[in-house]
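Enquirer: This is data.cif, which holds mmCIF, C-alpha atoms:
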data_target
#
loop_
_atom_site.label_atom_id
_atom_site.label_comp_id
_atom_site.auth_asym_id
_atom_site.auth_seq_id
_atom_site.Cartn_x
_atom_site.Cartn_y
_atom_site.Cartn_z
CA MET I 4 102.81 93.35 116.93
CA ARG I 5 99.03 93.37 116.79
CA LEU I 6 99.13 96.85 115.27
CA LEU I 7 101.57 95.87 112.51
CA PRO I 8 98.89 94.69 110.01
CA PHE I 9 96.98 97.90 110.70
CA ALA I 10 100.13 99.94 110.02
CA LEU I 11 100.70 98.01 106.79
CA ALA I 12 97.18 98.90 105.68
CA LEU I 13 97.75 102.59 106.43
CA ALA I 14 101.24 102.78 104.90
CA PRO I 15 100.04 103.63 101.35
CA LEU I 16 97.97 106.51 102.75
CA PHE I 17 100.61 107.75 105.19
CA PRO I 18 104.09 107.00 103.77
CA PRO I 19 105.91 108.49 106.81
CA LEU I 20 104.82 105.39 108.75
CA ALA I 21 107.68 103.63 106.98
CA LEU I 22 110.10 105.64 109.12
CA LEU I 23 109.11 103.40 112.03
CA ALA I 24 110.81 100.48 110.27
CA PRO I 25 113.97 100.48 112.47
CA LEU I 26 111.76 99.46 115.40
CA PHE I 27 111.63 95.98 113.83
CA LEU I 28 115.37 95.40 113.57
CA GLY I 29 115.19 92.89 116.41
CA HIS I 30 113.11 90.53 114.29
CA LEU I 31 116.06 89.94 111.97
CA ARG I 32 117.39 87.38 114.43
CA ARG I 33 114.71 85.01 113.14
CA LEU I 34 116.48 84.86 109.77
CA SER I 35 118.92 82.15 108.76
CA PRO I 36 122.69 82.84 108.86
CA TRP I 37 122.96 83.04 105.08
CA ALA I 38 120.14 85.61 104.95
CA LEU I 39 121.83 87.67 107.66
CA GLY I 40 125.09 87.41 105.73
CA LEU I 41 123.39 88.71 102.59
CA LEU I 42 122.00 91.66 104.54
CA GLY I 43 125.48 92.28 105.92
CA VAL I 44 126.90 92.45 102.41
CA TYR I 45 124.20 94.97 101.50
CA ALA I 46 125.01 97.09 104.56
CA LEU I 47 128.72 97.15 103.72
CA SER I 48 127.99 98.06 100.10
CA VAL I 49 126.22 101.18 101.34
CA LEU I 50 128.43 102.15 104.29
CA LEU I 51 131.92 101.61 102.89
CA PRO I 52 131.56 103.90 99.84
CA ALA I 53 130.02 106.56 102.08
CA LEU I 54 133.23 106.70 104.14
CA GLY I 55 135.06 108.12 101.13
CA ALA I 56 132.24 110.18 99.65
CA PRO I 57 132.85 113.94 99.31
CA GLU I 58 129.72 115.04 101.17
CA PRO I 59 130.10 115.33 104.98
CA LEU I 60 126.64 113.90 105.63
CA ALA I 61 127.20 110.88 103.40
CA PHE I 62 127.99 108.40 106.16
CA PRO I 63 125.21 109.40 108.61
CA LEU I 64 122.70 109.26 105.77
CA ALA I 65 124.09 105.91 104.63
CA LEU I 66 123.70 104.56 108.16
CA GLY I 67 120.13 105.84 108.22
CA ARG I 68 119.37 104.09 104.94
CA VAL I 69 120.82 100.80 106.16
CA LEU I 70 118.77 100.92 109.37
CA TYR I 71 115.66 101.82 107.38
CA VAL I 72 116.04 99.03 104.82
CA LEU I 73 116.97 96.39 107.39
CA GLY I 74 114.02 97.55 109.49
CA LEU I 75 111.69 97.01 106.54
CA VAL I 76 113.04 93.48 106.21
CA GLY I 77 112.46 93.01 109.93
CA ALA I 78 108.88 94.22 109.56
CA GLY I 79 108.38 91.65 106.83
CA VAL I 80 109.75 88.93 109.11
CA ALA I 81 107.39 90.05 111.89
CA LEU I 82 104.40 89.99 109.53
CA TYR I 83 105.30 86.51 108.32
CA ALA I 84 105.73 85.22 111.87
CA GLY I 85 102.33 86.51 112.91
CA ALA I 86 100.37 85.19 109.93
CA SER I 87 99.20 81.73 109.00
CA SER I 88 100.76 82.03 105.52
CA PRO I 89 102.89 84.52 103.55
CA THR I 90 99.89 85.58 101.48
CA GLN I 91 97.83 86.16 104.61
CA ALA I 92 100.51 88.54 105.87
CA LEU I 93 100.07 90.80 102.84
CA LYS I 94 96.29 91.00 102.94
CA PRO I 95 96.06 94.27 104.93
CA LEU I 96 98.00 96.02 102.17
CA GLY I 97 95.12 95.46 99.75
CA TYR I 98 92.69 97.29 102.02
CA GLY I 99 95.10 100.19 102.34
CA LEU I 100 95.52 100.37 98.57
CA PHE I 101 91.75 100.43 98.15
CA LEU I 102 91.55 103.50 100.40
CA LEU I 103 94.46 105.06 98.52
CA TYR I 104 92.66 104.64 95.19
CA ILE I 105 89.50 106.28 96.51
CA THR I 106 91.38 109.25 97.96
CA ALA I 107 93.34 109.68 94.72
CA PHE I 108 90.14 109.87 92.68
CA VAL I 109 88.57 112.33 95.13
CA ALA I 110 91.69 114.51 95.42
CA THR I 111 92.17 114.70 91.65
CA TYR I 112 88.54 115.66 91.07
CA LEU I 113 88.55 118.29 93.83
CA THR I 114 91.68 119.83 92.31
CA PHE I 115 90.79 119.82 88.62
CA GLY I 116 87.00 119.47 88.58
CA ASP I 117 85.60 118.56 85.17
CA GLN I 118 89.10 118.83 83.69
CA ALA I 119 90.26 115.87 85.77
CA VAL I 120 89.82 113.54 82.77
CA GLN I 121 92.55 115.51 80.99
CA GLN I 122 95.01 115.16 83.87
CA ARG I 123 97.01 112.24 85.16
CA LEU I 124 95.61 110.76 88.35
CA MET I 125 97.36 112.28 91.37
CA HIS I 126 97.49 112.03 95.14
CA PRO I 127 98.72 114.51 97.77
CA PHE I 128 101.50 112.13 98.86
CA HIS I 129 102.29 110.22 95.67
CA SER I 130 103.36 111.03 92.13
CA PRO I 131 101.45 109.64 89.12
CA VAL I 132 104.32 107.21 88.56
CA GLY I 133 104.06 105.93 92.12
CA LEU I 134 100.29 105.64 91.79
CA GLY I 135 100.75 103.55 88.66
CA PHE I 136 102.98 101.11 90.50
CA MET I 137 100.48 100.86 93.34
CA GLY I 138 97.69 100.31 90.85
CA ALA I 139 99.66 97.38 89.45
CA MET I 140 100.26 96.11 92.98
CA GLY I 141 96.54 96.16 93.71
CA VAL I 142 95.83 94.12 90.59
CA LEU I 143 98.47 91.55 91.54
CA LEU I 144 97.16 91.30 95.11
CA ALA I 145 93.63 90.79 93.79
CA VAL I 146 94.85 88.05 91.47
CA TYR I 147 97.09 86.14 93.86
CA LEU I 148 95.47 86.59 97.30
CA ARG I 149 92.14 85.15 98.42
CA TYR I 150 90.10 88.18 99.44
CA PRO I 151 86.29 87.95 99.65
CA TRP I 152 85.24 87.91 96.00
CA PRO I 153 83.35 91.28 95.91
CA PHE I 154 86.36 93.10 97.36
CA ARG I 155 88.74 91.10 95.20
CA LEU I 156 86.90 92.16 92.05
CA LEU I 157 86.69 95.78 93.18
CA LEU I 158 90.38 95.93 94.12
CA GLY I 159 91.44 94.51 90.77
CA LEU I 160 89.22 96.84 88.74
CA LEU I 161 90.15 99.92 90.74
CA GLY I 162 93.83 99.02 90.52
CA GLY I 163 93.50 98.74 86.75
CA ALA I 164 91.67 102.08 86.60
CA VAL I 165 94.40 103.75 88.67
CA LEU I 166 97.05 102.32 86.36
CA LEU I 167 95.14 103.56 83.31
CA LEU I 168 94.45 107.06 84.62
CA SER I 169 97.93 107.58 86.05
CA ALA I 170 99.34 106.67 82.62
CA SER I 171 102.38 105.11 84.26
CA ARG I 172 104.41 103.09 81.78
CA GLY I 173 106.57 101.81 84.62
CA GLY I 174 103.47 100.60 86.44
CA MET I 175 102.29 98.81 83.30
CA LEU I 176 105.68 97.13 82.96
CA ALA I 177 105.46 96.02 86.61
CA LEU I 178 102.05 94.48 85.99
CA LEU I 179 103.27 92.65 82.89
CA VAL I 180 106.33 91.31 84.71
CA GLY I 181 104.23 90.31 87.73
CA GLY I 182 101.75 88.51 85.52
CA ALA I 183 104.46 86.78 83.52
CA GLY I 184 106.21 85.72 86.72
CA GLY I 185 102.94 84.34 88.01
CA LEU I 186 102.78 81.99 85.04
CA LEU I 187 105.84 80.22 86.42
CA PHE I 188 104.38 79.66 89.87
CA ARG I 189 100.62 80.12 89.66
CA GLY I 190 98.25 79.88 86.75
CA ARG I 191 96.53 83.07 87.86
CA GLY I 192 99.23 85.09 86.12
CA LEU I 193 97.00 84.88 83.05
CA TRP I 194 94.42 87.00 84.87
CA ALA I 195 97.00 89.71 85.55
CA LEU I 196 98.16 89.68 81.93
CA GLY I 197 94.56 89.75 80.77
CA LEU I 198 93.81 92.83 82.85
CA ALA I 199 97.00 94.48 81.57
CA GLY I 200 95.76 93.84 78.04
CA LEU I 201 92.38 95.31 78.96
CA VAL I 202 94.05 98.47 80.31
CA LEU I 203 96.11 98.85 77.13
CA PHE I 204 93.02 98.30 75.00
CA ALA I 205 91.13 100.94 76.97
CA ALA I 206 94.07 103.33 76.58
CA SER I 207 94.08 102.79 72.82
CA THR I 208 90.38 103.65 72.55
CA LEU I 209 90.49 106.79 74.70
CA ASP I 210 91.28 109.93 72.74
CA THR I 211 93.18 111.79 75.45
CA PRO I 212 96.82 112.87 75.75
CA ILE I 213 97.04 110.94 79.02
CA SER I 214 96.12 107.55 77.58
CA GLU I 215 98.46 108.08 74.63
CA ARG I 216 101.46 108.04 76.99
CA PHE I 217 101.35 104.24 77.07
CA PHE I 218 102.28 104.13 73.39
CA GLN I 219 104.88 106.90 73.33
CA ALA I 220 108.62 106.38 73.61
CA HIS I 221 109.61 109.90 74.67
CA LEU I 222 111.53 110.26 77.93
CA SER I 223 109.69 113.33 79.28
CA GLY I 224 112.97 115.14 79.87
CA ARG I 225 114.47 112.35 81.96
CA GLU I 226 117.48 112.11 79.67
CA GLY I 227 118.76 115.31 81.28
CA LEU I 228 118.58 113.70 84.72
CA TRP I 229 120.31 110.58 83.42
CA LEU I 230 123.13 112.59 81.92
CA ARG I 231 123.64 114.62 85.08
CA ALA I 232 123.63 111.50 87.27
CA TYR I 233 126.18 109.87 84.98
CA GLU I 234 128.38 112.96 85.18
CA VAL I 235 128.30 112.72 88.98
CA TYR I 236 129.23 109.05 88.77
CA GLN I 237 132.14 109.85 86.44
CA ALA I 238 133.44 112.39 88.95
CA HIS I 239 133.17 109.93 91.87
CA PRO I 240 133.20 106.43 90.35
CA TRP I 241 134.26 104.51 93.47
CA THR I 242 132.28 106.21 96.22
CA GLY I 243 129.51 108.25 94.66
CA VAL I 244 128.39 111.30 96.62
CA GLY I 245 126.35 109.49 99.28
CA PRO I 246 122.76 108.27 99.79
CA TYR I 247 120.07 110.94 99.49
CA VAL I 248 122.73 113.47 98.44
CA LEU I 249 122.63 112.91 94.68
CA GLY I 250 119.46 114.98 94.49
CA ASP I 251 121.43 118.12 95.34
CA TYR I 252 123.39 117.58 92.12
CA LEU I 253 120.19 117.00 90.12
CA LYS I 254 118.26 120.04 91.33
CA GLY I 255 117.24 122.36 88.52
CA THR I 256 117.87 119.78 85.79
CA LEU I 257 114.24 118.83 85.15
CA PHE I 258 112.34 120.49 87.97
CA GLY I 259 113.09 123.51 90.11
CA GLU I 260 115.36 123.72 93.11
CA CYS I 261 112.59 122.31 95.27
CA PHE I 262 109.26 120.79 94.30
CA LEU I 263 106.41 119.08 96.10
CA PHE I 264 104.11 116.36 94.84
CA PRO I 265 102.37 117.31 91.55
CA LEU I 266 98.92 117.55 93.13
CA LEU I 267 100.14 119.97 95.78
CA GLU I 268 101.90 122.04 93.12
CA ALA I 269 98.69 122.07 91.07
CA ARG I 270 96.87 123.52 94.07
CA GLY I 271 99.40 126.35 94.23
CA LEU I 272 101.46 124.99 97.11
CA THR I 273 105.20 125.44 96.71
CA CYS I 274 108.23 124.72 98.86
CA PRO I 275 108.53 127.18 101.76
CA ASP I 276 111.87 128.90 102.14
CA TRP I 277 112.93 126.71 105.07
CA LEU I 278 112.40 123.56 102.98
CA ARG I 279 114.25 124.67 99.86
CA PRO I 280 117.74 123.65 101.08
CA LEU I 281 116.39 120.11 101.60
CA GLY I 282 114.74 119.87 98.19
CA GLY I 283 117.39 117.49 96.87
CA LEU I 284 116.54 114.77 99.39
CA TRP I 285 113.64 113.52 97.28
CA SER I 286 115.03 114.30 93.83
CA PHE I 287 115.57 111.08 91.91
CA ALA I 288 117.43 110.23 88.70
CA HIS I 289 114.47 108.18 87.37
CA ASN I 290 116.90 105.35 86.70
CA HIS I 291 117.78 102.98 89.53
CA LEU I 292 121.19 102.01 88.16
CA LEU I 293 122.30 105.60 87.63
CA GLN I 294 120.86 106.56 91.02
CA ALA I 295 122.88 103.82 92.71
CA LEU I 296 126.05 104.69 90.78
CA GLY I 297 125.72 108.36 91.63
CA GLU I 298 125.07 107.67 95.31
CA SER I 299 127.51 104.84 96.06
CA GLY I 300 129.71 104.30 93.02
CA VAL I 301 130.51 100.94 91.45
CA GLY I 302 130.67 99.05 94.75
CA GLY I 303 127.32 100.26 95.99
CA ALA I 304 125.49 99.73 92.72
#
Write out the structure in this file as structure tokens.

Expert:
Amino acid sequence: MRLLPFALALAPLFPPLALLAPLFLGHLRRLSPWALGLLGVYALSVLLPALGAPEPLAFPLALGRVLYVLGLVGAGVALYAGASSPTQALKPLGYGLFLLYITAFVATYLTFGDQAVQQRLMHPFHSPVGLGFMGAMGVLLAVYLRYPWPFRLLLGLLGGAVLLLSASRGGMLALLVGGAGGLLFRGRGLWALGLAGLVLFAASTLDTPISERFFQAHLSGREGLWLRAYEVYQAHPWTGVGPYVLGDYLKGTLFGECFLFPLLEARGLTCPDWLRPLGGLWSFAHNHLLQALGESGVGGA
């Protein structure tokens, strides 16, 4: 358990570490009966539709998802048990996000050089949308947790810069919701909202196509993914097609049959032939409700 905070810090840099989550299933026994019951309802909502899904791998993949999600909950329980307070348990994540921000800036510059200012901020293992959410998370951690003040200031400013340069509207929405929620529980929510306003003001003053995304309502082609996911749901309304399988039905709608992270694609790296059949595993409908409906039908959504 001593290595768990260290793993939490490294998780943003090395996402595959999350696959170790099932190792923490045993910590779920610390939860109250009603919490375990709620997790049981979740597990059934994923497993039962998969039994009737048309894809043969639907149930094994559903079982894998349940073990993964419950393991993440168990890891959270273990972190809480080993820390003096809930906020203390999350502190290592801020240090990992700081390293993530630095590597994103370096990787984007090494890929695009002087043209980096015209590109959305990228990372070898994260999309610009994901970076935007993690930028918002860094701001919220800096606002709500008591880091040493120099690091706290740096984390908040870098998180805001990542959010601005990734041009993630979803990340901005997350920051606004997190700040507004903080007003109900902690007065520091005003700081988060203030930084969100500062990011939007900076975006309005920058004359670049990237910063203009914050004020545009276009869907960037996602409507095609939404329509295709809805068509899959209509064909299998009660069971969906199974977790991680919906991507096979979405392939070729917006991107190719198989694509890597944008930064890797920008460096000329493409899916090798052996990986192409698995390209649908990480294709996403860019809409959580439609994703859930397409994967598990009405019951699983």

Enquirer: Give me the residues within 8 Å of stretch 57-73 of chain I as a PyMOL selection string, counting all atoms listed in the file and dropping any in the same chain fewer than 4 places off.

Expert: chain I and resi 22+24-25+28+31+42+46+49-50+53+77+244-248

Enquirer: Please, what is the axis-aligned box for every listed atom of stretch 64-80 of chain I with 4 Å on each side, as centre and edge lengths in Å to one decimal, as JSON?

Expert:
{"center_x": 116.2, "center_y": 99.1, "center_z": 107.3, "size_x": 23.7, "size_y": 28.3, "size_z": 13.3}

Enquirer: List as JSON, numbers by chain: which residues have an atom within 9 Å of (92.6, 104.1, 96.4), counting all atoms listed in the file?

Expert: {"I": [15, 16, 98, 99, 100, 101, 102, 103, 104, 105, 106, 107, 108, 138, 158, 161, 162, 165]}

Enquirer: How would the residues just picked look written out with C-alpha atoms as a compact mmCIF listing (two decimals), in the coordinates of the input?

Expert:
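As a result, out.txt now contains:
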# COMPACT_ATOMS: atom_id res chain seq x y z
CA PRO I 15 100.04 103.63 101.35
CA LEU I 16 97.97 106.51 102.75
CA TYR I 98 92.69 97.29 102.02
CA GLY I 99 95.10 100.19 102.34
CA LEU I 100 95.52 100.37 98.57
CA PHE I 101 91.75 100.43 98.15
CA LEU I 102 91.55 103.50 100.40
CA LEU I 103 94.46 105.06 98.52
CA TYR I 104 92.66 104.64 95.19
CA ILE I 105 89.50 106.28 96.51
CA THR I 106 91.38 109.25 97.96
CA ALA I 107 93.34 109.68 94.72
CA PHE I 108 90.14 109.87 92.68
CA GLY I 138 97.69 100.31 90.85
CA LEU I 158 90.38 95.93 94.12
CA LEU I 161 90.15 99.92 90.74
CA GLY I 162 93.83 99.02 90.52
CA VAL I 165 94.40 103.75 88.67

Enquirer: Would you translate the PyMOL selection byres ((chain I and resi 253-261) around 7) into the concrete set of residues it matches in this file, as a list of chain:residue names?

Expert: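 For this structure, the PyMOL selection byres ((chain I and resi 253-261) around 7) resolves to I:Gly224, I:Gly227, I:Leu228, I:Arg231, I:Leu249, I:Gly250, I:Asp251, I:Tyr252, I:Phe262, I:Cys274, I:Arg279, I:Gly282, I:Gly283, I:Ser286.
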
Enquirer: Rounded to one decimal, what separation in Å do you get between atom CA of I:Leu263 and atom CA of I:Leu168?

Expert: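 Here the two named atoms are 20.5 Å from each other.
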
Enquirer: Need the shell around I:Leu196: protein/DNA/RNA residues with any atom at most 12 Å away, counting only C-alpha atoms. Skip same-chain ones fewer than 4 positions apart. Format as a PyMOL selection string?

Expert: chain I and resi 139+142-143+146+163+175-186+190-192+200-203

Enquirer: Those same residues - C-alpha atoms - I'd like them written as a CSV table (one decimal), in the frame of the given file.

Expert:
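For reference, out21.csv as written:
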chain,number,residue,atom,x,y,z
I,139,ALA,CA,99.7,97.4,89.4
I,142,VAL,CA,95.8,94.1,90.6
I,143,LEU,CA,98.5,91.6,91.5
I,146,VAL,CA,94.8,88.0,91.5
I,163,GLY,CA,93.5,98.7,86.8
I,175,MET,CA,102.3,98.8,83.3
I,176,LEU,CA,105.7,97.1,83.0
I,177,ALA,CA,105.5,96.0,86.6
I,178,LEU,CA,102.0,94.5,86.0
I,179,LEU,CA,103.3,92.6,82.9
I,180,VAL,CA,106.3,91.3,84.7
I,181,GLY,CA,104.2,90.3,87.7
I,182,GLY,CA,101.8,88.5,85.5
I,183,ALA,CA,104.5,86.8,83.5
I,184,GLY,CA,106.2,85.7,86.7
I,185,GLY,CA,102.9,84.3,88.0
I,186,LEU,CA,102.8,82.0,85.0
I,190,GLY,CA,98.2,79.9,86.8
I,191,ARG,CA,96.5,83.1,87.9
I,192,GLY,CA,99.2,85.1,86.1
I,200,GLY,CA,95.8,93.8,78.0
I,201,LEU,CA,92.4,95.3,79.0
I,202,VAL,CA,94.0,98.5,80.3
I,203,LEU,CA,96.1,98.8,77.1

Enquirer: Please write the residues picked by the PyMOL selection byres ((chain I and resi 215-219) around 9) on this file as a ChimeraX atom specification.

Expert: /I:167,170-172,175,203,206-207,209-214,220-222

Enquirer: Identify, on the basis of only C-alpha atoms, every residue whose closest approach to I:Pro89 does not exceed 10 Å; exclude the query and any residue fewer than 6 positions from it along the same chain; express the result as a list in words.

Expert: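 Result of the neighbour search: Gly79, Val80, Leu82, Tyr83 and Leu148 of chain I.
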